[in-house]
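Asker: The following block contains the structure, expressed as structure tokens.
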Amino acid sequence: MNFSKSLKNILVAGSVLIGAASCTDNFEELNTNPNNPSKPTPAQTFTFAQLAVSGVGHETSRLNSLTTGQIGMHYIGAWGDSRVWLTGSGPVWVGEYWNKSYVKIVGNLEVAIKDVTADDADPAKLAMLDVWKVFNAHRITDIYGHVPYFNAGKGYAAAEAGESLTQDMLKPKYDEQSAIYADMISKLDNAVQVLGTAGNSFGEADLVYGGDHLMWQKLANTLRLRLATRLGDDAKVTQSLNAPLIETNEEIALIPFTGEGDIWGLASNGDAFSFDWGGAFPSQAILNAMNQKDTDVTNDDPRLPVFFVNSVEEEDGTVTVYDWFEPQTMQGEDLTTSKHPAFAANRTNIGGYDTPEMVATPMEVAFLRAEHTTDAAMQLQYFTQGINLSLEYYGLGSDVETDYPAFWASVKSNFDANPKAEILKQKWIGLIGNGPEAYAEVRRNSDLFFGTIFVPGVDYKKTSQGTDGGFDDFYQWKIEYPASEAATNLENMQAAQNMPQNFWWTK
């Protein structure tokens with residue numbers, strides 16, 4: 001159940017948001033002409049805040065493929081030592097996701113919340129805005145740790161309303177992740193309750209579910225299950241498992257490609273995870289996880305040729321195909337040393353400019369059900385369902401046991417030997433293209449990933465991304481704050497760096 005709008009209609013919202021601050025001339029005419037409003041409606045603002053999640057330029061592409069996609073161990077980079085993408089030593093591009101999220105998503109959501117509250121205070125609209133706020137906020141805090149949250153965007157909303165700005169608005173303090181998570185869970189609790197009655201708010205302005213309350217309830221509860229799992233909050237996990245969740249591929253929450261626009265354009269969400277301009281290639285970790293290290297392709301993961309390509313056209317026009325298990329470079333190494341640079345993202349299926357941005361999927365729900373159940377038969381059922389949903393999404397059928405018996409035999413053997421490791425492994429594979437979630441999964445169960453799922457004995461101190469300045473030099477546990485924060489909010493940023501480093505992945 002996916003709802004798209006034309007880029008032309010979306011640009012109505014985007015152009016108004018961008019130009020609103022300068023609309024001072026002919027104010028009376030603008031304020032009375034419905035075709036030329038002085039201020040976007042909450043619905044238009046919501047549209048823009050949704051579109052901006054998948055990128056209004058190319059910041060989300062870099063987030064997925066060059067940063068979290070690499071430290072989430074899906075990809076390697078084409079830019080030498082990938083650490084430059086993860087620390088302040090790299091290009092200014094490193095901070096693009098942070099900067100554009102706070103400007104284009106957080107600020108605009110606060111404007112919409114303020115406007116709806118002042119207008120009709122519709123509880124369903126406010127709940128949907130809160131759900132989107134939580135989705136964006138959990139990505140930011142999961143990536144960076146302690147971040148501005150409670151005061152973030154308040155200054156933008158106050159300025160739009162012509163109100164006085166305080167120092168806390170201009171330079172918001174960083175809030176501890178524990179407080180952020182507590183508030184996000186509370187917002188999702190409320191949204192699940194409020195959206196439990198059928199209805200429709202925002203209509204086509206909602207790019208995800210067309211305003212459908214019950215689908216937004218499922219999204220809110222799915223996010224609650226995701227966050228409660230990270231916290232290890234068994235009570236919230238149980239509560240979420242007993243409420244409506246996203247269950248089928250028709251219910252996937254995503255930002256669809258608009259069908260128009262240049263991938264470098266202002267309002268294009270098309271390069272949410274695009275490799276059309278280069279920059280990411282399959283890591284040895286994912287190649288090892290998806291093939292059986294032999295020349296028999298029948299027992300390889302059927303998604304391998306969907307996700308990646310393994311051939312190259314030589315100068316004389318001949319095409320050379322390499323076996324999937326041929327050695328590939330590892331994270332942090334210069335791609336030019338690779339023996340087989342033919343391995344690359346398959347842009348037709350997952351790396352094209354029209355690839356949608358994933359928010360939440362039934363595959364994730366199925367694997368979370370498998371992880372949390374204590375019933376062995378149900379665990380296998382949910383595990384199988386998770387693989388089937390992933391295959392189905394890519395048009396590979398929906399019955400792994402029947403359609404891919406050799407591959408299933410290998411997967412089932414791994415599952416029998418270590419159920420949790422295989423559940424996490426298959427979920428991680430299915431998260432291809434969703435860098436932030438892949439990164440979260442690796443940190444959430446780092447002992448299993450680095451001890452069992454990824455080939456044991458590999459020197460991941462070399463293949464991971466160096467130090468993060470606070471834990472150890474084994475893995476890049478979080479991304480450093482962008483240089484823009486040091487320039488504009490240094491005191492609060494330094495205070496955050498001195499806070500206890502008690503993030504969910506350290507527990």
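As shown in the structure tokens, the chain order sets the letters A, B, ...; within each chain, residues go from 1, and ligands are also counted from 1 in the order they appear.
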Hey, what's within 9 Å of Val359 of chain A if we count only C-alpha atoms and toss same-chain stuff fewer than 5 positions away? As a VMD selection string, please?

Answerer: chain A and resid 135 219 252 to 255 434

Asker: Mind writing the picked residues with N, CA and C atoms as a compact mmCIF listing (two decimals), in the first residue's frame?

Answerer:
# COMPACT_ATOMS: atom_id res chain seq x y z
N PHE A 135 10.85 8.62 13.98
CA PHE A 135 11.67 7.90 13.00
C PHE A 135 12.94 8.68 12.68
N LEU A 219 2.76 1.30 11.70
CA LEU A 219 4.11 1.85 11.60
C LEU A 219 4.61 2.27 12.98
N ILE A 252 4.59 -2.20 3.46
CA ILE A 252 5.90 -1.60 3.68
C ILE A 252 5.80 -0.09 3.80
N ALA A 253 6.50 0.47 4.76
CA ALA A 253 6.59 1.93 4.90
C ALA A 253 7.85 2.39 4.17
N LEU A 254 7.66 3.17 3.13
CA LEU A 254 8.79 3.67 2.36
C LEU A 254 8.46 5.03 1.76
N ILE A 255 9.50 5.73 1.35
CA ILE A 255 9.34 6.96 0.59
C ILE A 255 9.53 6.59 -0.87
N ASN A 434 19.57 -0.17 3.62
CA ASN A 434 19.14 0.58 4.79
C ASN A 434 20.32 0.63 5.75

Asker: List as a PyMOL selection string the protein and nucleic acid residues near Lys478 of chain A, meaning an atom at most 8 Å away when only C-alpha atoms are counted, but skip any in the same chain fewer than 5 places from it.

Answerer: chain A and resi 142-145+468

Asker: Would you mind telling me which residue in A:Val297, A:Ala121, A:Ile76, A:Ala243 lies nearest to Asn221 of chain A when using only C-alpha atoms?

Answerer: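 Residue with the minimum atom-to-atom distance to Asn221 of chain A: A:Ala243.
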
Asker: Which residues are close to segment 300-317 of chain A, i.e. within 7 Å by only C-alpha atoms, leaving aside same-chain residues fewer than 3 positions away? Reply as number ranges by chain.

Answerer: A: 290-292, 297, 320-322, 324, 342-346, 349-350, 407

Asker: Select from segment 146-177 of chain A everything DSSP, run on the backbone, classes as alpha helix (DSSP H), then give the selection as a PDB file with all heavy atoms, in the first residue's frame.

Answerer:
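Dumped to result.pdb:
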ATOM      1  N   LYS A 154      12.801  24.028  17.537  1.00  0.00           N
ATOM      2  CA  LYS A 154      11.890  24.973  18.183  1.00  0.00           C
ATOM      3  C   LYS A 154      12.135  26.396  17.688  1.00  0.00           C
ATOM      4  O   LYS A 154      11.201  27.189  17.542  1.00  0.00           O
ATOM      5  CB  LYS A 154      12.066  24.927  19.700  1.00  0.00           C
ATOM      6  CG  LYS A 154      11.830  23.551  20.332  1.00  0.00           C
ATOM      7  CD  LYS A 154      10.401  23.103  20.222  1.00  0.00           C
ATOM      8  CE  LYS A 154      10.190  21.800  21.001  1.00  0.00           C
ATOM      9  NZ  LYS A 154       8.817  21.283  20.861  1.00  0.00           N
ATOM     10  N   GLY A 155      13.396  26.728  17.449  1.00  0.00           N
ATOM     11  CA  GLY A 155      13.713  28.058  16.964  1.00  0.00           C
ATOM     12  C   GLY A 155      13.127  28.317  15.591  1.00  0.00           C
ATOM     13  O   GLY A 155      12.594  29.393  15.308  1.00  0.00           O
ATOM     14  N   TYR A 156      13.205  27.314  14.714  1.00  0.00           N
ATOM     15  CA  TYR A 156      12.648  27.454  13.366  1.00  0.00           C
ATOM     16  C   TYR A 156      11.146  27.669  13.458  1.00  0.00           C
ATOM     17  O   TYR A 156      10.584  28.538  12.776  1.00  0.00           O
ATOM     18  CB  TYR A 156      12.974  26.196  12.557  1.00  0.00           C
ATOM     19  CG  TYR A 156      12.568  26.271  11.103  1.00  0.00           C
ATOM     20  CD1 TYR A 156      13.353  26.950  10.176  1.00  0.00           C
ATOM     21  CD2 TYR A 156      11.407  25.653  10.655  1.00  0.00           C
ATOM     22  CE1 TYR A 156      12.987  27.018   8.845  1.00  0.00           C
ATOM     23  CE2 TYR A 156      11.036  25.713   9.326  1.00  0.00           C
ATOM     24  CZ  TYR A 156      11.823  26.400   8.418  1.00  0.00           C
ATOM     25  OH  TYR A 156      11.448  26.472   7.101  1.00  0.00           O
ATOM     26  N   ALA A 157      10.470  26.885  14.307  1.00  0.00           N
ATOM     27  CA  ALA A 157       9.017  27.009  14.448  1.00  0.00           C
ATOM     28  C   ALA A 157       8.639  28.359  15.046  1.00  0.00           C
ATOM     29  O   ALA A 157       7.660  28.988  14.624  1.00  0.00           O
ATOM     30  CB  ALA A 157       8.480  25.875  15.318  1.00  0.00           C
ATOM     31  N   ALA A 158       9.415  28.815  16.038  1.00  0.00           N
ATOM     32  CA  ALA A 158       9.125  30.112  16.646  1.00  0.00           C
ATOM     33  C   ALA A 158       9.316  31.242  15.649  1.00  0.00           C
ATOM     34  O   ALA A 158       8.507  32.184  15.582  1.00  0.00           O
ATOM     35  CB  ALA A 158      10.027  30.324  17.863  1.00  0.00           C
ATOM     36  N   ALA A 159      10.376  31.165  14.843  1.00  0.00           N
ATOM     37  CA  ALA A 159      10.628  32.194  13.836  1.00  0.00           C
ATOM     38  C   ALA A 159       9.506  32.244  12.815  1.00  0.00           C
ATOM     39  O   ALA A 159       9.053  33.324  12.410  1.00  0.00           O
ATOM     40  CB  ALA A 159      11.969  31.928  13.157  1.00  0.00           C
ATOM     41  N   GLU A 160       9.019  31.080  12.405  1.00  0.00           N
ATOM     42  CA  GLU A 160       7.918  31.030  11.441  1.00  0.00           C
ATOM     43  C   GLU A 160       6.655  31.656  12.017  1.00  0.00           C
ATOM     44  O   GLU A 160       5.844  32.230  11.288  1.00  0.00           O
ATOM     45  CB  GLU A 160       7.642  29.579  11.053  1.00  0.00           C
ATOM     46  CG  GLU A 160       8.672  28.975  10.125  1.00  0.00           C
ATOM     47  CD  GLU A 160       8.612  29.595   8.737  1.00  0.00           C
ATOM     48  OE1 GLU A 160       7.580  29.452   8.062  1.00  0.00           O
ATOM     49  OE2 GLU A 160       9.596  30.247   8.346  1.00  0.00           O
ATOM     50  N   GLN A 167      17.962  31.581  23.705  1.00  0.00           N
ATOM     51  CA  GLN A 167      19.274  30.995  23.472  1.00  0.00           C
ATOM     52  C   GLN A 167      19.178  29.483  23.308  1.00  0.00           C
ATOM     53  O   GLN A 167      19.918  28.889  22.515  1.00  0.00           O
ATOM     54  CB  GLN A 167      20.217  31.350  24.632  1.00  0.00           C
ATOM     55  CG  GLN A 167      21.655  30.913  24.430  1.00  0.00           C
ATOM     56  CD  GLN A 167      22.375  31.699  23.336  1.00  0.00           C
ATOM     57  OE1 GLN A 167      21.847  32.687  22.828  1.00  0.00           O
ATOM     58  NE2 GLN A 167      23.574  31.251  22.968  1.00  0.00           N
ATOM     59  N   ASP A 168      18.281  28.842  24.075  1.00  0.00           N
ATOM     60  CA  ASP A 168      18.101  27.396  23.967  1.00  0.00           C
ATOM     61  C   ASP A 168      17.588  26.986  22.598  1.00  0.00           C
ATOM     62  O   ASP A 168      17.822  25.863  22.147  1.00  0.00           O
ATOM     63  CB  ASP A 168      17.125  26.907  25.043  1.00  0.00           C
ATOM     64  CG  ASP A 168      17.748  26.902  26.422  1.00  0.00           C
ATOM     65  OD1 ASP A 168      18.990  26.953  26.503  1.00  0.00           O
ATOM     66  OD2 ASP A 168      16.999  26.860  27.415  1.00  0.00           O
ATOM     67  N   MET A 169      16.866  27.883  21.946  1.00  0.00           N
ATOM     68  CA  MET A 169      16.389  27.598  20.592  1.00  0.00           C
ATOM     69  C   MET A 169      17.495  27.784  19.567  1.00  0.00           C
ATOM     70  O   MET A 169      17.643  26.991  18.638  1.00  0.00           O
ATOM     71  CB  MET A 169      15.217  28.519  20.241  1.00  0.00           C
ATOM     72  CG  MET A 169      13.953  28.293  21.041  1.00  0.00           C
ATOM     73  SD  MET A 169      12.686  29.494  20.569  1.00  0.00           S
ATOM     74  CE  MET A 169      11.332  29.009  21.640  1.00  0.00           C
ATOM     75  N   LEU A 170      18.272  28.833  19.749  1.00  0.00           N
ATOM     76  CA  LEU A 170      19.329  29.142  18.783  1.00  0.00           C
ATOM     77  C   LEU A 170      20.485  28.157  18.884  1.00  0.00           C
ATOM     78  O   LEU A 170      21.082  27.788  17.870  1.00  0.00           O
ATOM     79  CB  LEU A 170      19.842  30.568  19.013  1.00  0.00           C
ATOM     80  CG  LEU A 170      18.831  31.687  18.731  1.00  0.00           C
ATOM     81  CD1 LEU A 170      19.376  33.017  19.211  1.00  0.00           C
ATOM     82  CD2 LEU A 170      18.504  31.740  17.245  1.00  0.00           C
ATOM     83  N   GLN A 177      20.896  10.230  25.382  1.00  0.00           N
ATOM     84  CA  GLN A 177      20.142   9.282  24.570  1.00  0.00           C
ATOM     85  C   GLN A 177      19.074   8.557  25.381  1.00  0.00           C
ATOM     86  O   GLN A 177      17.993   8.260  24.873  1.00  0.00           O
ATOM     87  CB  GLN A 177      21.084   8.258  23.920  1.00  0.00           C
ATOM     88  CG  GLN A 177      20.378   7.408  22.888  1.00  0.00           C
ATOM     89  CD  GLN A 177      21.247   6.306  22.330  1.00  0.00           C
ATOM     90  OE1 GLN A 177      21.510   5.320  23.003  1.00  0.00           O
ATOM     91  NE2 GLN A 177      21.697   6.480  21.099  1.00  0.00           N
TER      92      GLN A 177
END

Asker: Taking 2 positions as the minimum chain separation for residues in the same chain, which residues sit within 12 Å of Asn498 of chain A when counting only C-alpha atoms? Answer as a ChimeraX atom specification.

Answerer: /A:145-146,174,176,469-470,491-496,500-502

Asker: Take the residues just selected and output them with N, CA, C and O atoms as a PDB file, in the first residue's frame.

Answerer:
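Output file out.pdb is given in full below:
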ATOM      1  N   GLY A 145      24.640   9.300  18.906  1.00  0.00           N
ATOM      2  CA  GLY A 145      24.627   9.214  20.360  1.00  0.00           C
ATOM      3  C   GLY A 145      23.772  10.300  20.977  1.00  0.00           C
ATOM      4  O   GLY A 145      22.606  10.467  20.633  1.00  0.00           O
ATOM      5  N   HIS A 146      24.344  11.098  21.902  1.00  0.00           N
ATOM      6  CA  HIS A 146      23.625  12.216  22.516  1.00  0.00           C
ATOM      7  C   HIS A 146      23.500  13.327  21.471  1.00  0.00           C
ATOM      8  O   HIS A 146      24.497  13.748  20.876  1.00  0.00           O
ATOM      9  N   TYR A 174      22.447  19.342  23.893  1.00  0.00           N
ATOM     10  CA  TYR A 174      22.379  17.936  23.522  1.00  0.00           C
ATOM     11  C   TYR A 174      21.713  17.166  24.674  1.00  0.00           C
ATOM     12  O   TYR A 174      22.076  17.356  25.837  1.00  0.00           O
ATOM     13  N   GLU A 176      20.633  13.553  26.611  1.00  0.00           N
ATOM     14  CA  GLU A 176      21.149  12.192  26.752  1.00  0.00           C
ATOM     15  C   GLU A 176      20.266  11.210  25.995  1.00  0.00           C
ATOM     16  O   GLU A 176      19.041  11.336  25.979  1.00  0.00           O
ATOM     17  N   GLY A 469      37.137   7.600  19.223  1.00  0.00           N
ATOM     18  CA  GLY A 469      37.560   8.599  20.181  1.00  0.00           C
ATOM     19  C   GLY A 469      37.020   8.398  21.577  1.00  0.00           C
ATOM     20  O   GLY A 469      37.213   9.240  22.445  1.00  0.00           O
ATOM     21  N   GLY A 470      36.312   7.312  21.840  1.00  0.00           N
ATOM     22  CA  GLY A 470      35.760   7.166  23.167  1.00  0.00           C
ATOM     23  C   GLY A 470      35.691   5.742  23.686  1.00  0.00           C
ATOM     24  O   GLY A 470      35.603   5.527  24.877  1.00  0.00           O
ATOM     25  N   GLU A 491      29.949  24.797  22.536  1.00  0.00           N
ATOM     26  CA  GLU A 491      29.851  24.557  23.971  1.00  0.00           C
ATOM     27  C   GLU A 491      28.944  23.365  24.265  1.00  0.00           C
ATOM     28  O   GLU A 491      29.287  22.491  25.070  1.00  0.00           O
ATOM     29  N   ASN A 492      27.798  23.321  23.611  1.00  0.00           N
ATOM     30  CA  ASN A 492      26.871  22.210  23.847  1.00  0.00           C
ATOM     31  C   ASN A 492      27.417  20.906  23.276  1.00  0.00           C
ATOM     32  O   ASN A 492      27.204  19.839  23.854  1.00  0.00           O
ATOM     33  N   MET A 493      28.103  20.972  22.158  1.00  0.00           N
ATOM     34  CA  MET A 493      28.696  19.772  21.578  1.00  0.00           C
ATOM     35  C   MET A 493      29.750  19.199  22.522  1.00  0.00           C
ATOM     36  O   MET A 493      29.802  17.986  22.756  1.00  0.00           O
ATOM     37  N   GLN A 494      30.589  20.056  23.081  1.00  0.00           N
ATOM     38  CA  GLN A 494      31.621  19.591  24.008  1.00  0.00           C
ATOM     39  C   GLN A 494      31.009  19.008  25.268  1.00  0.00           C
ATOM     40  O   GLN A 494      31.512  18.020  25.820  1.00  0.00           O
ATOM     41  N   ALA A 495      29.919  19.598  25.731  1.00  0.00           N
ATOM     42  CA  ALA A 495      29.229  19.056  26.899  1.00  0.00           C
ATOM     43  C   ALA A 495      28.732  17.640  26.612  1.00  0.00           C
ATOM     44  O   ALA A 495      28.806  16.750  27.470  1.00  0.00           O
ATOM     45  N   ALA A 496      28.241  17.422  25.408  1.00  0.00           N
ATOM     46  CA  ALA A 496      27.768  16.084  25.030  1.00  0.00           C
ATOM     47  C   ALA A 496      28.913  15.087  24.990  1.00  0.00           C
ATOM     48  O   ALA A 496      28.753  13.924  25.385  1.00  0.00           O
ATOM     49  N   PRO A 500      28.361  10.800  30.088  1.00  0.00           N
ATOM     50  CA  PRO A 500      28.622   9.358  30.117  1.00  0.00           C
ATOM     51  C   PRO A 500      28.246   8.721  28.786  1.00  0.00           C
ATOM     52  O   PRO A 500      27.186   9.016  28.230  1.00  0.00           O
ATOM     53  N   GLN A 501      29.108   7.882  28.278  1.00  0.00           N
ATOM     54  CA  GLN A 501      28.874   7.259  26.971  1.00  0.00           C
ATOM     55  C   GLN A 501      28.018   5.995  27.140  1.00  0.00           C
ATOM     56  O   GLN A 501      28.400   4.892  26.733  1.00  0.00           O
ATOM     57  N   ASN A 502      26.836   6.178  27.709  1.00  0.00           N
ATOM     58  CA  ASN A 502      25.950   5.039  28.013  1.00  0.00           C
ATOM     59  C   ASN A 502      24.839   4.936  26.983  1.00  0.00           C
ATOM     60  O   ASN A 502      23.670   5.163  27.268  1.00  0.00           O
TER      61      ASN A 502
END

Asker: Excluding segment 386-393 of chain A and any residue of its chain fewer than 6 positions from it, enumerate the residues within 8 Å of it, using only C-alpha atoms, and give them as a list in words.

Answerer: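 The residues satisfying every condition are Thr248, Asn249, Arg303, Pro362, Met363, Glu364, Val365, Ala366, Phe367, Asp399, Val400, Gln426, Lys427 and Gly430 of chain A.
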
Asker: Near segment 213-216 of chain A, counting only C-alpha atoms, which residues have an atom at most 8 Å away, once you skip same-chain residues fewer than 2 positions from it, shown as an MDAnalysis selection string?

Answerer: chainID A and resid 124 128 195:201 209 211 218:220 246 251

Asker: Restricting the calculation to only C-alpha atoms, which member of A:Lys125, A:Arg369, A:Arg139, A:Arg226 is positioned closest to Gly435 of chain A?

Answerer: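 So, comparing all the options, the nearest one is A:Arg139.
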
Asker: Could you jot down the atom CA of Ala112 of chain A to atom CA of Ala191 of chain A separation for me, Å, one decimal place?

Answerer: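 For atom CA of Ala112 of chain A relative to atom CA of Ala191 of chain A, the distance reads 16.4 Å.
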
Asker: Which residues are near segment 442-457 of chain A? Cut-off 9 Å, only C-alpha atoms, ignore same chain within fewer than 3 positions. Put them as an NGL selection string.

Answerer: :A and (71-73 or 230 or 285-286 or 288-289 or 420-422 or 424-425 or 428 or 437-439 or 460 or 477 or 504-507)

Asker: Using DSSP assignments from the backbone, pull out every residue in segment 83-326 of chain A that falls under strand (DSSP E) and give it to me as a list in words.

Answerer: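 Residues of segment 83-326 of chain A classed as strand (DSSP E): Ala253, Leu254, Ile255, Ala280, Phe281, Pro282, Phe308, Val309, Asn310, Ser311, Val312, Glu313, Val319, Thr320 and Val321 of chain A.
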
Asker: Create the file for the chosen residues now, containing C-alpha atoms and written as a PDB file, in the first residue's frame.

Answerer:
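That gives us selection14.pdb:
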ATOM      1  CA  ALA A 253       6.595   1.926   4.902  1.00  0.00           C
ATOM      2  CA  LEU A 254       8.789   3.674   2.358  1.00  0.00           C
ATOM      3  CA  ILE A 255       9.336   6.956   0.592  1.00  0.00           C
ATOM      4  CA  ALA A 280      30.170   1.726  -2.819  1.00  0.00           C
ATOM      5  CA  PHE A 281      30.920  -1.915  -3.553  1.00  0.00           C
ATOM      6  CA  PRO A 282      30.054  -5.189  -1.764  1.00  0.00           C
ATOM      7  CA  PHE A 308      25.404  -7.111  -6.820  1.00  0.00           C
ATOM      8  CA  VAL A 309      27.100  -7.785 -10.147  1.00  0.00           C
ATOM      9  CA  ASN A 310      30.239  -9.908 -10.566  1.00  0.00           C
ATOM     10  CA  SER A 311      31.305  -9.283 -14.137  1.00  0.00           C
ATOM     11  CA  VAL A 312      33.314  -6.712 -16.016  1.00  0.00           C
ATOM     12  CA  GLU A 313      33.670  -5.857 -19.698  1.00  0.00           C
ATOM     13  CA  VAL A 319      32.905 -10.029 -20.472  1.00  0.00           C
ATOM     14  CA  THR A 320      34.635 -11.791 -17.599  1.00  0.00           C
ATOM     15  CA  VAL A 321      32.521 -13.283 -14.823  1.00  0.00           C
TER      16      VAL A 321
END

Asker: What does the structure give for the distance between atom CA of Val111 of chain A and atom CA of Ala228 of chain A, in Å to one decimal?

Answerer: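 For atom CA of Val111 of chain A relative to atom CA of Ala228 of chain A, the distance reads 28.1 Å.
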